[in-house]
Amino acid sequence: MQLALCTWQEVEEYLGRRTGIIIPIGSVEQHGPNGLIGTDHLTAEAVAQGVGERLGCLVAPTLAYGMSQHHLGFAGSATLKPSTLMLVVRDVVQSLAVHGFRRFFFINGHGGNIASVTAAFDEVYAMRSLGEAGQPVRCRLSFWFGPRTRALTAALYGESEGGHATCSEVSLMQYCRPQAIKTAPMSPHLAPASGGFFDAADYRARFPDGRIGSAPSLASPEHGRQLYETAVEDMAEAYQAFLAC
Ligand SMILES: [Zn+2]
């Protein structure tokens with residue numbers, strides 16, 4: 001079920017039965033020579049909607065923009081400052097909490113979001129603990145891939161998976177958006193591994209084509225299909241465990 005495609009009466013009826021909701025969150029940032037700018041939010045969204053269909057739970061509109069300052073050296077990338085992202089996450093959670101939602105499961109596509117999103121969760125908890133505002137909500141952030149998906153990724157790509165513009169996310173994207181599959185020469189085949197980075201100019205200097213440690217020319221839509229089905233299984237299990245905690 002997609003929140004965006006419900007009426008308010010349908011949401012009210014849902015809240016009479018359940019209080020959990022899934023929120024996909026990602027980024028708008030370069031993903032190397034054959035990866036799409038929307039990879040991180042489109043992958044998170046696809047897996048979230050798969051879980052929503054499987055379990056009959058609500059999926060909120062995707063928070064597409066994330067904390068991507070280090071990718072601004074590449075055309076098309078856009079970022080929220082950490083402080084902005086924190087406020088967006090806090091306000092969305094507190095808005096939905098007004099209506100009775102209590103469990104917020106964020107399915108994430110982008111590592112750069114972790115610090116800000118978890119800080120936003122603490123902001124929500126702190127406001128309630130201090131008696132300022134808020135409802136007794138619980139929030140969790142999970143990458144779209146769980147243990148089964150990690151094992152599948154390791155079997156498919158080994159060390160070539162990498163850390164950014166990874167084989168698995170490019171494959172999942174190719175499965176979800178076959179009309180937008182790209183090919184591009186990549187040299188070297190395996191991108192330089194991460195030794196860390198600072199701002200956007202520093203990132204661009206260290207990782208000239210945008211990839212970190214990956215060889216996404218290995219990606220395929222068939223791999224993407226396997227990854228999608230496995231990820232939905234992983235996330236359905238993780239969401240149900242979260243509801244029970
Ligand atoms: Zn990504």
# chains A, B, ... in the order shown; residues from 1 in each chain; ligands from 1

$ residues_around --residues "A:Tyr125" --least-positions-apart "2" --cutoff "9 Å" --atoms "only C-alpha atoms" --output "list in words"
Ala120, Phe121, Asp122, Glu123, Met127, Arg128, Ser129, Leu130, Gly134, Gln135, Pro136, Val137 and Arg138 of chain A

$ residues_near_ligand --ligand "ligand 1" --cutoff "9 Å" --atoms "only C-alpha atoms and all ligand atoms" --output "list in words"
Gly26, Ser27, Glu29, Gln30, His31, Gly35, Ile37, Gly38, Thr39, Asp40, His41, Thr43, Gly109, His110, Gly111, Gly163, His164, Ala165, Thr166, Glu169 and Val170 of chain A

$ write_last_selection --atoms "C-alpha atoms" --output "compact mmCIF listing (two decimals), in the first residue's frame"
# COMPACT_ATOMS: atom_id res chain seq x y z
CA GLY A 26 18.04 7.70 -0.56
CA SER A 27 19.98 10.36 -2.41
CA GLU A 29 23.99 11.67 -6.57
CA GLN A 30 26.33 10.32 -9.23
CA HIS A 31 26.81 6.56 -9.36
CA GLY A 35 24.93 4.07 -12.58
CA ILE A 37 21.74 9.58 -10.41
CA GLY A 38 18.60 8.28 -8.69
CA THR A 39 20.06 4.87 -7.79
CA ASP A 40 19.96 5.27 -4.01
CA HIS A 41 16.38 6.45 -3.72
CA THR A 43 16.51 1.10 -5.13
CA GLY A 109 19.90 3.43 -0.05
CA HIS A 110 22.76 5.72 0.95
CA GLY A 111 25.48 5.41 3.60
CA GLY A 163 31.77 0.78 -1.69
CA HIS A 164 30.07 3.21 -4.05
CA ALA A 165 28.40 2.68 -7.42
CA THR A 166 28.44 -0.95 -6.35
CA GLU A 169 22.97 -1.43 -6.64
CA VAL A 170 23.64 -1.01 -10.35

$ residues_around --residues "A:Leu85" --least-positions-apart "5" --cutoff "12 Å" --atoms "only C-alpha atoms" --output "PyMOL selection string"
chain A and resi 25-27+63-69+79-80+90-92+112-121

$ write_last_selection --atoms "C-alpha atoms" --output "JSON list (two decimals), in the first residue's frame"
[["chain", "number", "residue", "atom", "x", "y", "z"],
["A", 25, "ILE", "CA", 15.16, 7.25, 1.84],
["A", 26, "GLY", "CA", 18.04, 7.70, -0.56],
["A", 27, "SER", "CA", 19.98, 10.36, -2.41],
["A", 63, "LEU", "CA", 12.65, 10.98, 0.73],
["A", 64, "ALA", "CA", 14.70, 11.23, -2.46],
["A", 65, "TYR", "CA", 17.30, 13.81, -1.44],
["A", 66, "GLY", "CA", 19.95, 12.89, 1.11],
["A", 67, "MET", "CA", 23.28, 13.98, 2.52],
["A", 68, "SER", "CA", 25.56, 13.81, -0.52],
["A", 69, "GLN", "CA", 27.93, 16.78, -0.14],
["A", 79, "THR", "CA", 22.62, 17.43, -1.33],
["A", 80, "LEU", "CA", 20.82, 18.42, 1.81],
["A", 90, "ARG", "CA", 12.15, 14.81, 12.30],
["A", 91, "ASP", "CA", 9.23, 16.73, 10.81],
["A", 92, "VAL", "CA", 8.00, 13.80, 8.70],
["A", 112, "GLY", "CA", 25.93, 9.20, 3.75],
["A", 113, "ASN", "CA", 22.48, 9.50, 5.35],
["A", 114, "ILE", "CA", 23.21, 7.38, 8.40],
["A", 115, "ALA", "CA", 24.69, 9.97, 10.76],
["A", 116, "SER", "CA", 22.03, 12.61, 10.08],
["A", 117, "VAL", "CA", 19.04, 10.26, 10.10],
["A", 118, "THR", "CA", 20.01, 8.55, 13.33],
["A", 119, "ALA", "CA", 20.68, 11.98, 14.87],
["A", 120, "ALA", "CA", 17.15, 12.97, 13.78],
["A", 121, "PHE", "CA", 15.76, 9.91, 15.58]]

$ select_by_dssp --residues "stretch 139-217 of chain A" --states "strand (DSSP E)" --output "list in words"
Cys139, Arg140, Leu141, Ser142 and Phe143 of chain A

$ write_last_selection --atoms "C-alpha atoms" --output "mmCIF file, in the first residue's frame"
data_model
loop_
_atom_site.group_PDB
_atom_site.id
_atom_site.type_symbol
_atom_site.label_atom_id
_atom_site.label_comp_id
_atom_site.auth_asym_id
_atom_site.auth_seq_id
_atom_site.Cartn_x
_atom_site.Cartn_y
_atom_site.Cartn_z
ATOM 1 C CA CYS A 139 12.381 4.538 14.516
ATOM 2 C CA ARG A 140 14.854 2.325 12.712
ATOM 3 C CA LEU A 141 17.133 2.846 9.732
ATOM 4 C CA SER A 142 18.126 -0.170 7.647
ATOM 5 C CA PHE A 143 19.954 -0.497 4.369
#

$ closest_residue --among "A:Glu233, A:Phe101, A:Gly162, A:Val59" --to "A:Gly146" --atoms "only C-alpha atoms"
A:Glu233

$ atom_distance --atom1 "atom CA of A:Gln226" --atom2 "atom CA of A:His71"
28.7 Å

$ closest_residue --among "A:Leu72, A:Ala184, A:Ala155, A:Ala241" --to "A:Gly20" --atoms "only C-alpha atoms"
A:Ala241

$ closest_residue --among "A:Val89, A:Met1, A:Met235, A:Pro24" --to "A:Gly56" --atoms "only C-alpha atoms"
A:Met1

$ atom_distance --atom1 "atom CA of A:Leu243" --atom2 "atom CA of A:Leu96"
16.4 Å

$ residues_around --residues "A:Pro221" --least-positions-apart "4" --cutoff "6 Å" --atoms "only C-alpha atoms" --output "ChimeraX atom specification"
/A:171,174-175

$ write_last_selection --atoms "N, CA and C atoms" --output "JSON list (two decimals), in the first residue's frame"
[["chain", "number", "residue", "atom", "x", "y", "z"],
["A", 171, "SER", "N", 23.02, -3.37, -10.49],
["A", 171, "SER", "CA", 22.21, -4.50, -10.98],
["A", 171, "SER", "C", 20.74, -4.32, -10.60],
["A", 174, "GLN", "N", 19.17, -1.83, -12.78],
["A", 174, "GLN", "CA", 18.94, -2.33, -14.14],
["A", 174, "GLN", "C", 17.69, -3.21, -14.19],
["A", 175, "TYR", "N", 17.44, -3.94, -13.11],
["A", 175, "TYR", "CA", 16.23, -4.77, -13.05],
["A", 175, "TYR", "C", 14.99, -3.89, -12.91]]

$ select_by_dssp --residues "stretch 160-229 of chain A" --states "alpha helix (DSSP H)" --output "VMD selection string"
chain A and resid 167 to 176 200 to 206 221 to 229

$ write_last_selection --atoms "N, CA and C atoms" --output "PDB file, in the first residue's frame"
ATOM      1  N   CYS A 167      28.305  -2.993  -7.605  1.00  0.00           N
ATOM      2  CA  CYS A 167      27.719  -3.921  -8.579  1.00  0.00           C
ATOM      3  C   CYS A 167      26.273  -4.233  -8.225  1.00  0.00           C
ATOM      4  N   SER A 168      25.998  -4.417  -6.929  1.00  0.00           N
ATOM      5  CA  SER A 168      24.648  -4.839  -6.537  1.00  0.00           C
ATOM      6  C   SER A 168      23.631  -3.732  -6.762  1.00  0.00           C
ATOM      7  N   GLU A 169      23.975  -2.494  -6.446  1.00  0.00           N
ATOM      8  CA  GLU A 169      22.971  -1.428  -6.635  1.00  0.00           C
ATOM      9  C   GLU A 169      22.758  -1.126  -8.116  1.00  0.00           C
ATOM     10  N   VAL A 170      23.818  -1.225  -8.908  1.00  0.00           N
ATOM     11  CA  VAL A 170      23.643  -1.008 -10.348  1.00  0.00           C
ATOM     12  C   VAL A 170      22.804  -2.138 -10.950  1.00  0.00           C
ATOM     13  N   SER A 171      23.023  -3.369 -10.490  1.00  0.00           N
ATOM     14  CA  SER A 171      22.209  -4.496 -10.977  1.00  0.00           C
ATOM     15  C   SER A 171      20.738  -4.317 -10.601  1.00  0.00           C
ATOM     16  N   LEU A 172      20.488  -3.968  -9.342  1.00  0.00           N
ATOM     17  CA  LEU A 172      19.099  -3.780  -8.895  1.00  0.00           C
ATOM     18  C   LEU A 172      18.420  -2.682  -9.713  1.00  0.00           C
ATOM     19  N   MET A 173      19.160  -1.622  -9.979  1.00  0.00           N
ATOM     20  CA  MET A 173      18.618  -0.526 -10.793  1.00  0.00           C
ATOM     21  C   MET A 173      18.292  -1.006 -12.203  1.00  0.00           C
ATOM     22  N   GLN A 174      19.173  -1.827 -12.776  1.00  0.00           N
ATOM     23  CA  GLN A 174      18.945  -2.326 -14.143  1.00  0.00           C
ATOM     24  C   GLN A 174      17.695  -3.210 -14.195  1.00  0.00           C
ATOM     25  N   TYR A 175      17.444  -3.940 -13.107  1.00  0.00           N
ATOM     26  CA  TYR A 175      16.234  -4.771 -13.053  1.00  0.00           C
ATOM     27  C   TYR A 175      14.989  -3.888 -12.909  1.00  0.00           C
ATOM     28  N   CYS A 176      15.086  -2.880 -12.054  1.00  0.00           N
ATOM     29  CA  CYS A 176      13.914  -2.032 -11.759  1.00  0.00           C
ATOM     30  C   CYS A 176      13.625  -1.022 -12.872  1.00  0.00           C
ATOM     31  N   ALA A 200      33.793  17.702  -1.583  1.00  0.00           N
ATOM     32  CA  ALA A 200      33.489  17.242  -2.938  1.00  0.00           C
ATOM     33  C   ALA A 200      34.726  17.264  -3.845  1.00  0.00           C
ATOM     34  N   ALA A 201      35.552  18.310  -3.738  1.00  0.00           N
ATOM     35  CA  ALA A 201      36.742  18.391  -4.582  1.00  0.00           C
ATOM     36  C   ALA A 201      37.719  17.267  -4.234  1.00  0.00           C
ATOM     37  N   ASP A 202      37.831  16.978  -2.955  1.00  0.00           N
ATOM     38  CA  ASP A 202      38.712  15.895  -2.515  1.00  0.00           C
ATOM     39  C   ASP A 202      38.214  14.545  -3.041  1.00  0.00           C
ATOM     40  N   TYR A 203      36.904  14.325  -2.964  1.00  0.00           N
ATOM     41  CA  TYR A 203      36.327  13.068  -3.457  1.00  0.00           C
ATOM     42  C   TYR A 203      36.612  12.906  -4.946  1.00  0.00           C
ATOM     43  N   ARG A 204      36.378  13.969  -5.706  1.00  0.00           N
ATOM     44  CA  ARG A 204      36.568  13.901  -7.158  1.00  0.00           C
ATOM     45  C   ARG A 204      38.030  13.583  -7.507  1.00  0.00           C
ATOM     46  N   ALA A 205      38.956  14.176  -6.732  1.00  0.00           N
ATOM     47  CA  ALA A 205      40.377  13.927  -6.990  1.00  0.00           C
ATOM     48  C   ALA A 205      40.753  12.471  -6.700  1.00  0.00           C
ATOM     49  N   ARG A 206      40.158  11.896  -5.682  1.00  0.00           N
ATOM     50  CA  ARG A 206      40.496  10.512  -5.304  1.00  0.00           C
ATOM     51  C   ARG A 206      39.795   9.482  -6.171  1.00  0.00           C
ATOM     52  N   PRO A 221      20.757  -7.174 -15.266  1.00  0.00           N
ATOM     53  CA  PRO A 221      19.363  -7.171 -14.793  1.00  0.00           C
ATOM     54  C   PRO A 221      18.983  -8.488 -14.121  1.00  0.00           C
ATOM     55  N   GLU A 222      19.544  -9.597 -14.581  1.00  0.00           N
ATOM     56  CA  GLU A 222      19.226 -10.885 -13.957  1.00  0.00           C
ATOM     57  C   GLU A 222      19.757 -10.938 -12.518  1.00  0.00           C
ATOM     58  N   HIS A 223      20.977 -10.441 -12.316  1.00  0.00           N
ATOM     59  CA  HIS A 223      21.461 -10.310 -10.935  1.00  0.00           C
ATOM     60  C   HIS A 223      20.508  -9.421 -10.138  1.00  0.00           C
ATOM     61  N   GLY A 224      20.052  -8.354 -10.778  1.00  0.00           N
ATOM     62  CA  GLY A 224      19.154  -7.414 -10.111  1.00  0.00           C
ATOM     63  C   GLY A 224      17.860  -8.078  -9.677  1.00  0.00           C
ATOM     64  N   ARG A 225      17.347  -8.974 -10.508  1.00  0.00           N
ATOM     65  CA  ARG A 225      16.117  -9.688 -10.136  1.00  0.00           C
ATOM     66  C   ARG A 225      16.355 -10.538  -8.888  1.00  0.00           C
ATOM     67  N   GLN A 226      17.462 -11.255  -8.863  1.00  0.00           N
ATOM     68  CA  GLN A 226      17.777 -12.085  -7.693  1.00  0.00           C
ATOM     69  C   GLN A 226      17.965 -11.214  -6.447  1.00  0.00           C
ATOM     70  N   LEU A 227      18.662 -10.095  -6.621  1.00  0.00           N
ATOM     71  CA  LEU A 227      18.909  -9.197  -5.488  1.00  0.00           C
ATOM     72  C   LEU A 227      17.597  -8.594  -4.984  1.00  0.00           C
ATOM     73  N   TYR A 228      16.712  -8.225  -5.910  1.00  0.00           N
ATOM     74  CA  TYR A 228      15.424  -7.646  -5.518  1.00  0.00           C
ATOM     75  C   TYR A 228      14.616  -8.639  -4.672  1.00  0.00           C
ATOM     76  N   GLU A 229      14.489  -9.847  -5.177  1.00  0.00           N
ATOM     77  CA  GLU A 229      13.663 -10.826  -4.470  1.00  0.00           C
ATOM     78  C   GLU A 229      14.250 -11.154  -3.099  1.00  0.00           C
TER      79      GLU A 229
END

$ decode --residues "stretch 7-24 of chain A" --atoms "N, CA and C atoms" --output "short mmCIF file (atom, residue, chain, number, x, y, z; two decimals), in the first residue's frame"
data_model
loop_
_atom_site.label_atom_id
_atom_site.label_comp_id
_atom_site.auth_asym_id
_atom_site.auth_seq_id
_atom_site.Cartn_x
_atom_site.Cartn_y
_atom_site.Cartn_z
N THR A 7 -6.62 7.51 0.35
CA THR A 7 -7.37 8.66 0.86
C THR A 7 -7.14 8.77 2.36
N TRP A 8 -7.54 9.90 2.94
CA TRP A 8 -7.34 10.02 4.39
C TRP A 8 -8.20 9.02 5.15
N GLN A 9 -9.36 8.68 4.60
CA GLN A 9 -10.20 7.70 5.29
C GLN A 9 -9.53 6.32 5.30
N GLU A 10 -8.86 6.00 4.20
CA GLU A 10 -8.16 4.71 4.16
C GLU A 10 -7.01 4.67 5.17
N VAL A 11 -6.32 5.81 5.33
CA VAL A 11 -5.22 5.86 6.30
C VAL A 11 -5.79 5.73 7.72
N GLU A 12 -6.90 6.39 7.96
CA GLU A 12 -7.53 6.29 9.28
C GLU A 12 -7.94 4.85 9.59
N GLU A 13 -8.47 4.19 8.59
CA GLU A 13 -8.87 2.79 8.77
C GLU A 13 -7.66 1.90 9.04
N TYR A 14 -6.56 2.14 8.30
CA TYR A 14 -5.30 1.41 8.51
C TYR A 14 -4.81 1.58 9.94
N LEU A 15 -4.88 2.83 10.43
CA LEU A 15 -4.37 3.13 11.77
C LEU A 15 -5.22 2.47 12.87
N GLY A 16 -6.42 2.05 12.51
CA GLY A 16 -7.22 1.29 13.46
C GLY A 16 -6.70 -0.13 13.63
N ARG A 17 -5.89 -0.56 12.69
CA ARG A 17 -5.38 -1.94 12.72
C ARG A 17 -3.88 -1.99 12.99
N ARG A 18 -3.13 -1.01 12.47
CA ARG A 18 -1.66 -1.05 12.52
C ARG A 18 -1.12 0.36 12.76
N THR A 19 0.10 0.41 13.28
CA THR A 19 0.71 1.73 13.50
C THR A 19 2.09 1.84 12.86
N GLY A 20 2.47 0.87 12.04
CA GLY A 20 3.79 0.91 11.40
C GLY A 20 3.74 1.47 9.99
N ILE A 21 4.84 2.09 9.58
CA ILE A 21 4.95 2.59 8.21
C ILE A 21 6.41 2.49 7.77
N ILE A 22 6.60 2.25 6.48
CA ILE A 22 7.94 2.18 5.90
C ILE A 22 8.19 3.47 5.12
N ILE A 23 9.37 4.05 5.30
CA ILE A 23 9.74 5.27 4.58
C ILE A 23 11.04 5.02 3.82
N PRO A 24 10.99 4.97 2.48
CA PRO A 24 12.23 4.83 1.72
C PRO A 24 13.00 6.15 1.74
#
